[in-house]
$ cat protein35.cif   # mmCIF, C-alpha atoms and all ligand atoms
data_run
#
loop_
_atom_site.label_atom_id
_atom_site.label_comp_id
_atom_site.auth_asym_id
_atom_site.auth_seq_id
_atom_site.Cartn_x
_atom_site.Cartn_y
_atom_site.Cartn_z
CA MET A 1 0.30 22.97 56.23
CA THR A 2 -0.03 26.40 54.61
CA ALA A 3 2.52 27.84 52.19
CA THR A 4 4.30 29.71 54.98
CA ALA A 5 3.68 27.70 58.12
CA GLN A 6 5.06 29.45 61.22
CA PHE A 7 6.98 27.69 64.01
CA ASP A 8 9.03 28.87 66.95
CA ALA A 9 11.93 26.67 65.89
CA ILE A 10 12.92 24.58 62.90
CA VAL A 11 15.48 21.79 63.29
CA ILE A 12 17.24 20.65 60.12
CA GLY A 13 18.05 16.95 60.59
CA ALA A 14 16.34 14.18 62.56
CA GLY A 15 19.58 12.66 63.79
CA SER A 16 21.68 12.17 66.91
CA VAL A 17 21.57 15.91 67.66
CA GLY A 18 18.35 17.01 65.94
CA ASN A 19 16.00 14.60 67.73
CA PRO A 20 17.00 15.44 71.31
CA THR A 21 17.13 19.12 70.35
CA ALA A 22 13.53 18.96 69.10
CA TYR A 23 12.48 17.13 72.26
CA PHE A 24 14.07 19.73 74.54
CA LEU A 25 12.76 22.64 72.44
CA GLU A 26 9.26 21.26 72.90
CA ARG A 27 9.91 20.88 76.61
CA GLU A 28 10.81 24.57 76.64
CA GLY A 29 7.35 25.21 75.18
CA LEU A 30 8.57 26.06 71.67
CA ARG A 31 6.52 24.76 68.73
CA THR A 32 9.07 22.88 66.66
CA LEU A 33 9.30 21.55 63.11
CA VAL A 34 11.90 18.90 62.23
CA LEU A 35 12.82 18.35 58.57
CA ASP A 36 14.83 15.44 57.25
CA GLU A 37 15.67 14.47 53.72
CA LEU A 38 15.55 10.76 54.54
CA ALA A 39 12.50 8.53 54.99
CA SER A 40 12.46 8.31 58.80
CA SER A 41 14.20 9.40 61.96
CA GLY A 42 17.81 8.48 62.73
CA GLN A 43 18.61 7.23 59.23
CA GLY A 44 21.67 9.45 58.74
CA GLN A 45 24.81 8.72 60.77
CA ASN A 46 22.81 8.15 63.95
CA LYS A 47 22.18 4.54 62.99
CA ALA A 48 25.88 3.98 62.22
CA ALA A 49 26.88 4.61 65.85
CA ILE A 50 27.56 1.63 68.09
CA GLY A 51 25.92 3.48 70.97
CA GLY A 52 28.80 4.13 73.36
CA VAL A 53 28.05 6.92 75.83
CA ARG A 54 30.71 8.24 78.19
CA ALA A 55 31.45 11.43 80.06
CA THR A 56 35.06 10.40 80.61
CA HIS A 57 36.65 12.72 78.04
CA SER A 58 39.52 15.16 78.52
CA ASP A 59 37.80 18.25 77.11
CA PRO A 60 35.65 20.04 79.74
CA ALA A 61 32.87 20.89 77.27
CA LYS A 62 32.51 17.28 76.16
CA ILE A 63 32.65 16.15 79.79
CA ARG A 64 29.87 18.52 80.88
CA LEU A 65 27.65 17.85 77.84
CA CYS A 66 28.05 14.08 78.11
CA GLN A 67 27.33 14.19 81.86
CA GLN A 68 23.98 15.64 80.86
CA SER A 69 23.54 13.06 78.11
CA LEU A 70 24.16 10.27 80.62
CA GLU A 71 21.59 11.79 82.95
CA VAL A 72 19.03 11.81 80.12
CA PHE A 73 19.81 8.33 78.75
CA SER A 74 20.05 6.62 82.13
CA HIS A 75 16.69 8.02 83.31
CA TRP A 76 14.90 7.75 79.98
CA LYS A 77 12.95 4.63 80.85
CA GLU A 78 11.59 6.06 84.09
CA THR A 79 10.90 9.44 82.43
CA THR A 80 9.09 8.08 79.37
CA GLY A 81 8.38 4.38 80.01
CA THR A 82 10.41 3.42 76.91
CA ASP A 83 13.40 1.08 76.88
CA ILE A 84 16.19 2.43 74.65
CA GLY A 85 18.67 -0.33 75.49
CA TRP A 86 20.47 1.61 78.25
CA LYS A 87 23.18 -0.55 79.78
CA LYS A 88 25.29 0.91 82.56
CA GLY A 89 28.37 -1.20 81.90
CA GLY A 90 31.04 1.49 81.99
CA TYR A 91 34.08 2.04 79.77
CA CYS A 92 37.45 0.37 80.18
CA PHE A 93 40.75 1.51 78.63
CA PRO A 94 43.17 -1.38 79.24
CA ALA A 95 46.91 -0.60 79.03
CA PHE A 96 49.27 -3.14 77.52
CA ASP A 97 52.19 -0.74 77.23
CA GLU A 98 53.74 2.18 79.04
CA LYS A 99 52.58 4.76 76.49
CA VAL A 100 48.89 3.89 76.86
CA GLU A 101 49.25 3.65 80.64
CA SER A 102 50.72 7.12 80.81
CA THR A 103 48.03 8.52 78.46
CA VAL A 104 45.05 7.16 80.35
CA ARG A 105 46.52 7.81 83.80
CA GLY A 106 47.40 11.33 82.68
CA LEU A 107 43.71 12.07 82.03
CA LEU A 108 42.57 11.06 85.50
CA PRO A 109 43.24 14.40 87.29
CA VAL A 110 41.09 16.44 84.90
CA GLN A 111 38.41 13.72 84.81
CA LYS A 112 38.30 13.54 88.59
CA SER A 113 38.16 17.33 88.83
CA TYR A 114 34.76 17.03 87.10
CA GLN A 115 33.63 14.42 89.66
CA LEU A 116 33.75 11.61 87.10
CA HIS A 117 33.73 8.15 88.59
CA ILE A 118 36.88 6.70 87.03
CA ASP A 119 39.93 4.96 88.46
CA TRP A 120 43.07 3.11 87.55
CA LEU A 121 42.75 -0.64 88.21
CA ASP A 122 45.68 -3.05 88.27
CA ALA A 123 45.84 -6.02 85.89
CA ASP A 124 43.78 -8.23 88.22
CA GLY A 125 41.13 -5.53 88.47
CA ILE A 126 40.91 -5.25 84.69
CA ARG A 127 40.68 -9.04 84.36
CA GLY A 128 37.68 -8.78 86.69
CA VAL A 129 35.81 -6.26 84.53
CA VAL A 130 36.88 -7.70 81.16
CA PRO A 131 36.61 -11.47 81.64
CA GLY A 132 38.86 -13.41 79.25
CA ILE A 133 41.10 -10.43 78.42
CA ASN A 134 44.53 -11.47 77.15
CA PRO A 135 46.81 -11.23 80.21
CA ASN A 136 50.01 -10.92 78.12
CA GLY A 137 51.57 -7.57 78.92
CA LEU A 138 48.43 -6.30 80.67
CA ARG A 139 49.52 -3.56 83.10
CA GLY A 140 46.09 -2.41 84.27
CA GLY A 141 43.72 0.19 82.91
CA THR A 142 41.09 2.78 83.68
CA TYR A 143 37.49 1.85 84.39
CA SER A 144 34.52 4.23 84.62
CA PRO A 145 31.45 2.24 85.73
CA ASP A 146 28.93 5.07 85.27
CA ASP A 147 29.37 5.27 81.50
CA GLY A 148 27.33 2.97 79.27
CA GLN A 149 25.62 2.08 76.04
CA VAL A 150 22.29 2.82 74.35
CA SER A 151 20.67 1.59 71.14
CA PRO A 152 20.93 4.49 68.64
CA LEU A 153 17.90 3.30 66.67
CA LEU A 154 15.68 2.88 69.73
CA ALA A 155 16.86 6.26 71.04
CA ALA A 156 16.09 8.06 67.74
CA GLU A 157 12.63 6.55 67.62
CA SER A 158 11.89 7.35 71.24
CA PHE A 159 13.17 10.96 71.13
CA THR A 160 11.05 11.45 68.02
CA ASN A 161 7.94 9.93 69.60
CA GLU A 162 8.34 12.01 72.74
CA ALA A 163 8.95 15.21 70.77
CA VAL A 164 5.84 14.52 68.68
CA ARG A 165 3.83 13.73 71.80
CA LEU A 166 4.81 17.17 73.11
CA GLY A 167 3.73 18.81 69.85
CA ALA A 168 6.66 18.67 67.42
CA VAL A 169 5.94 18.21 63.72
CA TYR A 170 8.24 15.88 61.75
CA ARG A 171 8.41 15.97 57.97
CA TYR A 172 10.52 13.37 56.13
CA ARG A 173 11.80 13.14 52.56
CA GLU A 174 11.94 16.91 52.63
CA PRO A 175 15.48 18.24 52.16
CA VAL A 176 16.09 21.88 53.02
CA ARG A 177 17.07 23.60 49.76
CA SER A 178 17.67 27.13 51.05
CA LEU A 179 17.33 29.37 54.06
CA VAL A 180 14.93 32.29 54.08
CA MET A 181 16.96 35.37 54.97
CA ASN A 182 15.89 38.81 56.09
CA GLY A 183 19.07 40.83 55.85
CA THR A 184 21.54 38.95 58.03
CA SER A 185 18.81 37.07 59.93
CA VAL A 186 17.63 33.54 59.17
CA VAL A 187 13.83 33.59 59.32
CA GLY A 188 12.92 30.24 57.78
CA VAL A 189 13.73 27.45 55.35
CA ARG A 190 12.58 26.37 51.91
CA THR A 191 12.03 22.84 50.72
CA ASP A 192 10.67 21.61 47.40
CA ARG A 193 7.24 21.48 49.00
CA GLU A 194 6.92 24.55 51.18
CA GLU A 195 8.41 27.56 52.87
CA TYR A 196 8.45 27.42 56.66
CA ARG A 197 9.10 30.37 58.96
CA ALA A 198 10.53 30.35 62.50
CA THR A 199 12.26 32.62 64.97
CA THR A 200 15.15 30.15 65.19
CA VAL A 201 16.57 27.62 62.75
CA VAL A 202 18.86 24.93 64.18
CA ASN A 203 21.38 23.33 61.85
CA ALA A 204 21.72 19.69 62.97
CA SER A 205 22.39 18.30 59.52
CA GLY A 206 25.47 16.20 60.35
CA VAL A 207 27.84 15.66 57.44
CA ARG A 208 25.84 18.14 55.31
CA ALA A 209 26.29 20.99 57.78
CA THR A 210 28.78 22.98 55.67
CA GLU A 211 26.24 23.21 52.86
CA ILE A 212 23.49 24.47 55.17
CA CYS A 213 25.85 27.00 56.81
CA ALA A 214 26.88 28.28 53.38
CA MET A 215 23.21 29.13 52.72
CA ALA A 216 23.59 31.73 55.50
CA GLY A 217 26.96 32.89 54.18
CA LEU A 218 28.93 31.04 56.86
CA ASP A 219 32.08 29.05 56.23
CA ILE A 220 32.01 26.17 58.75
CA PRO A 221 34.16 23.28 57.55
CA ILE A 222 32.60 19.91 58.40
CA LEU A 223 34.52 17.18 56.62
CA PRO A 224 33.09 13.66 56.43
CA ASP A 225 35.39 10.71 56.89
CA SER A 226 34.31 7.12 57.04
CA HIS A 227 34.50 4.48 59.75
CA GLU A 228 33.24 0.92 59.75
CA GLY A 229 31.46 -1.03 62.44
CA GLY A 230 30.06 -4.50 62.92
CA ILE A 231 27.88 -6.60 65.17
CA SER A 232 27.77 -10.30 66.08
CA ALA A 233 24.92 -12.67 66.75
CA PRO A 234 23.94 -12.53 70.44
CA ILE A 235 25.95 -14.55 72.94
CA ARG A 236 25.57 -15.07 76.68
CA PRO A 237 26.22 -11.74 78.46
CA PHE A 238 29.80 -11.76 79.76
CA LEU A 239 31.12 -8.24 79.23
CA ASP A 240 29.93 -5.12 81.04
CA PRO A 241 32.09 -2.25 79.73
CA LEU A 242 32.88 -0.93 76.30
CA VAL A 243 36.59 -1.65 75.89
CA VAL A 244 38.90 0.78 74.09
CA ASP A 245 42.31 -0.58 73.08
CA LEU A 246 44.43 2.47 72.32
CA ARG A 247 47.34 0.50 70.85
CA PRO A 248 47.95 0.94 67.14
CA GLY A 249 47.25 -2.35 65.40
CA PRO A 250 49.68 -4.51 63.46
CA GLU A 251 51.07 -3.05 60.21
CA GLY A 252 49.91 0.39 61.32
CA ARG A 253 46.44 -0.07 59.77
CA THR A 254 44.48 1.08 62.83
CA ILE A 255 44.92 3.80 65.45
CA ASN A 256 42.72 2.13 68.04
CA PHE A 257 40.03 -0.49 68.39
CA TYR A 258 36.91 -0.61 70.56
CA PHE A 259 34.19 -3.10 71.25
CA GLY A 260 31.50 -4.03 73.75
CA GLN A 261 28.49 -6.22 74.29
CA ASP A 262 25.12 -4.51 73.99
CA ALA A 263 21.96 -5.02 76.04
CA ASN A 264 20.93 -7.89 73.68
CA GLY A 265 24.21 -9.77 74.12
CA GLN A 266 25.52 -8.80 70.68
CA VAL A 267 29.20 -7.89 70.43
CA ILE A 268 29.70 -4.57 68.58
CA PHE A 269 33.03 -3.33 67.32
CA CYS A 270 34.83 -0.58 65.39
CA TYR A 271 38.31 0.73 64.78
CA THR A 272 39.82 4.01 63.71
CA PRO A 273 41.79 3.63 60.48
CA ASN A 274 45.33 4.97 60.61
CA VAL A 275 44.89 6.95 57.42
CA PRO A 276 41.52 8.78 57.51
CA ILE A 277 39.24 7.74 54.66
CA SER A 278 37.77 11.09 53.60
CA GLY A 279 34.57 11.37 51.63
CA VAL A 280 31.06 10.02 51.72
CA ASN A 281 31.48 6.51 50.32
CA ARG A 282 29.53 4.11 52.56
CA THR A 283 30.28 0.82 50.81
CA SER A 284 31.79 -1.68 53.24
CA THR A 285 35.43 -2.52 52.52
CA SER A 286 36.84 -6.04 52.31
CA GLU A 287 39.66 -5.19 54.71
CA PHE A 288 37.52 -4.23 57.70
CA MET A 289 36.47 -7.69 58.89
CA PRO A 290 39.92 -9.38 58.70
CA ILE A 291 41.56 -6.46 60.53
CA VAL A 292 38.90 -6.10 63.21
CA ALA A 293 38.63 -9.88 63.77
CA ALA A 294 42.37 -10.13 64.41
CA ARG A 295 42.22 -7.26 66.89
CA LEU A 296 39.20 -8.69 68.69
CA VAL A 297 40.69 -12.16 69.08
CA GLU A 298 44.00 -10.66 70.20
CA VAL A 299 42.27 -8.85 73.09
CA ILE A 300 39.79 -11.62 74.02
CA PRO A 301 41.05 -14.90 72.49
CA ARG A 302 37.91 -16.85 73.34
CA LEU A 303 35.86 -14.71 70.94
CA LYS A 304 37.43 -16.62 68.05
CA ASN A 305 34.17 -18.49 67.37
CA LEU A 306 31.95 -15.43 67.32
CA THR A 307 29.40 -15.32 64.47
CA ILE A 308 29.36 -11.94 62.76
CA ARG A 309 25.92 -10.84 61.70
CA ARG A 310 26.46 -7.57 59.86
CA VAL A 311 28.98 -4.84 59.07
CA TRP A 312 28.43 -1.27 57.90
CA ARG A 313 30.28 1.90 57.04
CA GLY A 314 29.25 5.33 58.27
CA LEU A 315 30.59 8.87 58.40
CA TYR A 316 32.02 11.06 61.11
CA PRO A 317 31.20 14.77 60.65
CA MET A 318 34.73 15.97 61.43
CA THR A 319 35.96 19.47 62.24
CA PRO A 320 39.50 20.72 61.61
CA ASP A 321 40.25 20.87 65.35
CA GLY A 322 38.34 17.71 66.33
CA SER A 323 35.80 19.54 68.53
CA PRO A 324 32.08 20.02 67.86
CA VAL A 325 30.67 23.38 66.72
CA VAL A 326 27.81 24.31 69.02
CA GLY A 327 26.05 27.62 69.69
CA LYS A 328 24.67 30.71 68.00
CA ALA A 329 26.07 31.39 64.55
CA PRO A 330 28.39 34.42 64.45
CA ASN A 331 26.93 37.53 62.81
CA VAL A 332 23.73 35.76 61.71
CA GLU A 333 20.62 36.17 63.85
CA GLY A 334 18.18 33.30 64.34
CA PHE A 335 20.64 30.58 63.35
CA VAL A 336 22.00 28.02 65.80
CA LEU A 337 24.52 25.25 65.11
CA GLY A 338 24.78 21.75 66.59
CA VAL A 339 27.25 20.29 64.11
CA GLY A 340 30.73 18.77 63.74
CA MET A 341 30.13 16.01 66.28
CA CYS A 342 33.04 13.91 64.94
CA GLY A 343 32.94 10.37 66.38
CA GLN A 344 30.86 11.28 69.43
CA GLY A 345 27.61 12.74 68.17
CA PHE A 346 25.39 10.07 69.61
CA MET A 347 26.73 10.50 73.14
CA LEU A 348 26.79 14.29 72.84
CA GLY A 349 23.27 14.51 71.35
CA PRO A 350 21.07 14.87 74.45
CA GLY A 351 23.54 17.19 76.22
CA VAL A 352 23.92 19.38 73.14
CA GLY A 353 20.15 19.31 72.51
CA ARG A 354 19.36 20.35 76.06
CA SER A 355 21.82 23.23 76.02
CA LEU A 356 20.75 24.43 72.57
CA ALA A 357 17.07 24.39 73.56
CA SER A 358 17.86 26.39 76.68
CA LEU A 359 20.04 28.78 74.67
CA VAL A 360 17.16 29.40 72.28
CA ALA A 361 14.44 29.66 74.94
CA ARG A 362 16.31 31.38 77.76
CA GLY A 363 19.48 32.74 76.19
CA THR A 364 21.73 30.49 78.24
CA PRO A 365 23.02 26.91 77.92
CA THR A 366 22.51 24.31 80.65
CA ILE A 367 26.26 23.95 81.28
CA ASP A 368 28.67 26.68 82.46
CA ARG A 369 28.83 29.36 79.79
CA GLU A 370 32.60 29.51 79.80
CA VAL A 371 32.86 25.77 79.15
CA PHE A 372 30.07 25.82 76.55
CA ASP A 373 31.79 28.62 74.65
CA ARG A 374 34.82 26.41 74.02
CA LEU A 375 32.70 24.92 71.22
CA SER A 376 31.64 28.30 69.85
CA PRO A 377 31.07 28.58 66.09
CA ALA A 378 32.90 31.91 66.33
CA ARG A 379 36.22 30.22 67.16
CA ASP A 380 38.92 30.13 64.52
CA LEU A 381 38.24 26.97 62.54
CA SER A 382 40.55 27.90 59.73
CA ALA A 383 43.74 26.95 61.59
CA GLY A 384 43.45 23.24 61.01
CA LYS A 385 41.45 23.59 57.82
CA LYS A 386 44.22 23.13 55.27
CA GLU A 387 45.53 20.23 57.30
CA ALA A 388 42.11 18.58 57.41
CA LEU A 389 41.56 19.01 53.69
CA LYS A 390 44.84 17.35 52.71
C1 LIG A 401 31.01 3.10 62.80
C2 LIG A 401 30.60 4.25 63.67
C3 LIG A 401 30.49 4.09 65.05
C4 LIG A 401 30.13 5.16 65.86
N1 LIG A 401 29.98 4.95 67.20
C5 LIG A 401 29.61 5.99 68.00
C6 LIG A 401 29.42 5.79 69.38
O1 LIG A 401 29.57 4.68 69.89
N2 LIG A 401 29.06 6.86 70.14
C7 LIG A 401 28.89 8.11 69.59
O2 LIG A 401 28.59 9.04 70.33
N3 LIG A 401 29.03 8.32 68.27
C8 LIG A 401 29.41 7.29 67.45
N4 LIG A 401 29.55 7.50 66.12
C9 LIG A 401 29.44 8.87 65.59
C10 LIG A 401 27.99 9.29 65.40
O3 LIG A 401 27.32 8.35 64.58
C11 LIG A 401 27.91 10.69 64.77
O4 LIG A 401 28.80 11.57 65.42
C12 LIG A 401 26.50 11.25 64.92
O5 LIG A 401 25.53 10.37 64.43
C13 LIG A 401 26.37 12.61 64.22
O6 LIG A 401 25.13 13.14 64.61
P1 LIG A 401 24.44 14.30 63.78
O7 LIG A 401 23.13 14.57 64.42
O8 LIG A 401 25.41 15.41 63.61
O9 LIG A 401 24.22 13.67 62.32
P2 LIG A 401 23.12 12.61 61.84
O10 LIG A 401 22.74 11.67 62.90
O11 LIG A 401 23.63 12.07 60.54
O12 LIG A 401 21.84 13.55 61.56
C14 LIG A 401 21.85 14.52 60.53
C15 LIG A 401 20.51 14.41 59.78
O13 LIG A 401 20.39 15.54 58.90
C16 LIG A 401 19.71 15.11 57.75
N5 LIG A 401 20.01 16.10 56.67
C17 LIG A 401 21.21 16.40 56.13
N6 LIG A 401 21.06 17.38 55.22
C18 LIG A 401 19.75 17.72 55.21
C19 LIG A 401 18.97 18.67 54.49
N7 LIG A 401 19.52 19.50 53.58
N8 LIG A 401 17.65 18.74 54.73
C20 LIG A 401 17.05 17.91 55.64
N9 LIG A 401 17.75 16.98 56.34
C21 LIG A 401 19.07 16.90 56.13
C22 LIG A 401 20.28 13.73 57.49
O14 LIG A 401 19.41 12.97 56.65
C23 LIG A 401 20.40 13.17 58.91
O15 LIG A 401 19.27 12.42 59.29
C24 LIG A 401 29.89 6.44 65.29
C25 LIG A 401 29.97 6.59 63.89
C26 LIG A 401 30.31 5.52 63.10
C27 LIG A 401 30.39 5.72 61.60
#
$ encode --input "protein35.cif" --output "structure tokens" --more "lines below"
Ligand SMILES: Cc1cc2nc3c(=O)[nH]c(=O)nc-3n(C[C@H](O)[C@H](O)[C@H](O)COP(=O)(O)OP(=O)(O)OC[C@H]3O[C@@H](n4cnc5c(N)ncnc54)[C@H](O)[C@@H]3O)c2cc1C
Amino acid sequence: MTATAQFDAIVIGAGSVGNPTAYFLEREGLRTLVLDELASSGQGQNKAAIGGVRATHSDPAKIRLCQQSLEVFSHWKETTGTDIGWKKGGYCFPAFDEKVESTVRGLLPVQKSYQLHIDWLDADGIRGVVPGINPNGLRGGTYSPDDGQVSPLLAAESFTNEAVRLGAVYRYREPVRSLVMNGTSVVGVRTDREEYRATTVVNASGVRATEICAMAGLDIPILPDSHEGGISAPIRPFLDPLVVDLRPGPEGRTINFYFGQDANGQVIFCYTPNVPISGVNRTSTSEFMPIVAARLVEVIPRLKNLTIRRVWRGLYPMTPDGSPVVGKAPNVEGFVLGVGMCGQGFMLGPGVGRSLASLVARGTPTIDREVFDRLSPARDLSAGKKEALK
């Protein structure tokens, strides 16, 4: 590559958002360069995700974007011939108390208004979709059979391969050190090796997004906090949906707990700690396994003999208001953001990537503009900022 190689688009970050964005930019006919500071694709927070993909949110923008992600993931094998571990097992939110029942039932009208396939099932119905679930106090729950799971590592590899097949250039171990500016326009990036020029630069740098935005003079607060996950040895397939238990755990240590069985039969699990653990430390804690094991066995007692293979700790790129930051940067030409994905970047990735590519190529996202603009980088992100930094 020459000292100032020219591309149509440069994507910073080969992660949950960057890879699908590069793929869709190439599909729009734009010659794309992807830069990542790590050694290969998907090695940031993408590989920390357990791979849950659902459109059954409450926020219209997340619903619309994840509907598109589901379309991409569920047809990926027929589109490309590559298996990325897609499993259409649905999501289930069981309710063991009145509060959770009222929360999940309360979301149904908005979810149904977006034609999502989700319903309230009684306790017998939930026992049917979650075999072995603890019947004590079970009141029923919601079930959305069209949601599912995907392997984040297989997906990263396959998006990368397909983007490269279409013409994208990937360069690893090459952190972006600065943006090339022309007045208030971003016209390229600099790494230790080279300067690259492009009409559009997409910031998809995950937990490092604030730093990259600052290079263009933008203050976009993306605050990493850490979450742990784990996976068992494979067992006979018995569980279709990902199960989300919204009850706080004993001693107030967890806000919720979720688990599922992936396409290989491995049980995967996570919880949300009650007190957010801010920062970038990724060393596994000693408290995760005892807490998560107790929660798992409480929900499905017969999992008490499960063999745990591995645990890990990853980071959510959080925003002060809990919503992603997606769209053209305010007052800076040539700079587009796909950042602040919080705990849902893997499922949002293809939907966000498709809309960003269309925004760059055609000036319009692939979902309704009004809904897309709910995630606008121009919104006031300072409101919750002090709160989030506490
Ligand atoms: C335990 C756990 C479970 C999760 N489960 C799910 C789930 O089931 N479903 C779901 O949707 N989400 C899940 N998530 C969240 C998900 O992992 C993140 O939201 C998502 O990976 C963020 O995507 P991203 O593209 O913004 O960041 P990343 O995937 O981290 O990609 C950003 C990339 O940018 C690169 N980069 C950063 N700075 C630079 C630079 N200066 N120059 C070049 N490259 C740079 C990084 O190396 C990285 O590869 C989970 C997270 C955790 C921790």
$ residues_near_point --input "protein35.cif" --point "(33.3, -0.7, 64.0)" --cutoff "8 Å" --atoms "only C-alpha atoms" --output "list in words"
Ile50, His227, Glu228, Gly229, Gly230, Tyr258, Phe259, Ile268, Phe269, Cys270, Tyr271, Val292, Val311 and Trp312 of chain A
$ residues_near_ligand --input "protein35.cif" --ligand "ligand LIG 401 (chain A)" --cutoff "7 Å" --atoms "all atoms listed in the file" --output "PyMOL selection string"
chain A and resi 12-18+35-38+41-53+174-177+204-209+212+226-229+270+313-317+339-349
$ closest_residue --input "protein35.cif" --among "A:Ser69, A:Asn19, A:Ser74, A:Ser113" --to "A:Ser158" --atoms "all atoms listed in the file"
A:Asn19
$ closest_residue --input "protein35.cif" --among "A:Pro20, A:Gly249, A:Pro301, A:Gly85" --to "A:Leu154" --atoms "all atoms listed in the file"
A:Gly85
$ residues_near_point --input "protein35.cif" --point "(14.8, 25.5, 74.7)" --cutoff "6 Å" --atoms "only C-alpha atoms" --output "list of chain:residue names"
A:Phe24, A:Leu25, A:Glu28, A:Ala357, A:Ser358, A:Val360, A:Ala361
$ atom_distance --input "protein35.cif" --atom1 "atom CA of A:Lys77" --atom2 "atom CA of A:Pro365"
24.6 Å
$ residues_around --input "protein35.cif" --residues "A:Arg31" --least-positions-apart "5" --cutoff "9 Å" --atoms "all atoms listed in the file" --output "PyMOL selection string"
chain A and resi 6-10+25-26+166-169
$ write_last_selection --input "protein35.cif" --atoms "C-alpha atoms" --output "PDB file, in the coordinates of the input"
ATOM      1  CA  GLN A   6       5.060  29.450  61.220  1.00  0.00           C
ATOM      2  CA  PHE A   7       6.980  27.690  64.010  1.00  0.00           C
ATOM      3  CA  ASP A   8       9.030  28.870  66.950  1.00  0.00           C
ATOM      4  CA  ALA A   9      11.930  26.670  65.890  1.00  0.00           C
ATOM      5  CA  ILE A  10      12.920  24.580  62.900  1.00  0.00           C
ATOM      6  CA  LEU A  25      12.760  22.640  72.440  1.00  0.00           C
ATOM      7  CA  GLU A  26       9.260  21.260  72.900  1.00  0.00           C
ATOM      8  CA  LEU A 166       4.810  17.170  73.110  1.00  0.00           C
ATOM      9  CA  GLY A 167       3.730  18.810  69.850  1.00  0.00           C
ATOM     10  CA  ALA A 168       6.660  18.670  67.420  1.00  0.00           C
ATOM     11  CA  VAL A 169       5.940  18.210  63.720  1.00  0.00           C
TER      12      VAL A 169
END
$ atom_distance --input "protein35.cif" --atom1 "atom CA of A:Gly125" --atom2 "atom CA of A:His57"
21.5 Å
$ axis_aligned_box --input "protein35.cif" --around "stretch 174-178 of chain A" --padding-each-side "4 Å" --output "JSON"
{"center_x": 14.8, "center_y": 22.0, "center_z": 51.4, "size_x": 13.7, "size_y": 18.2, "size_z": 11.3}
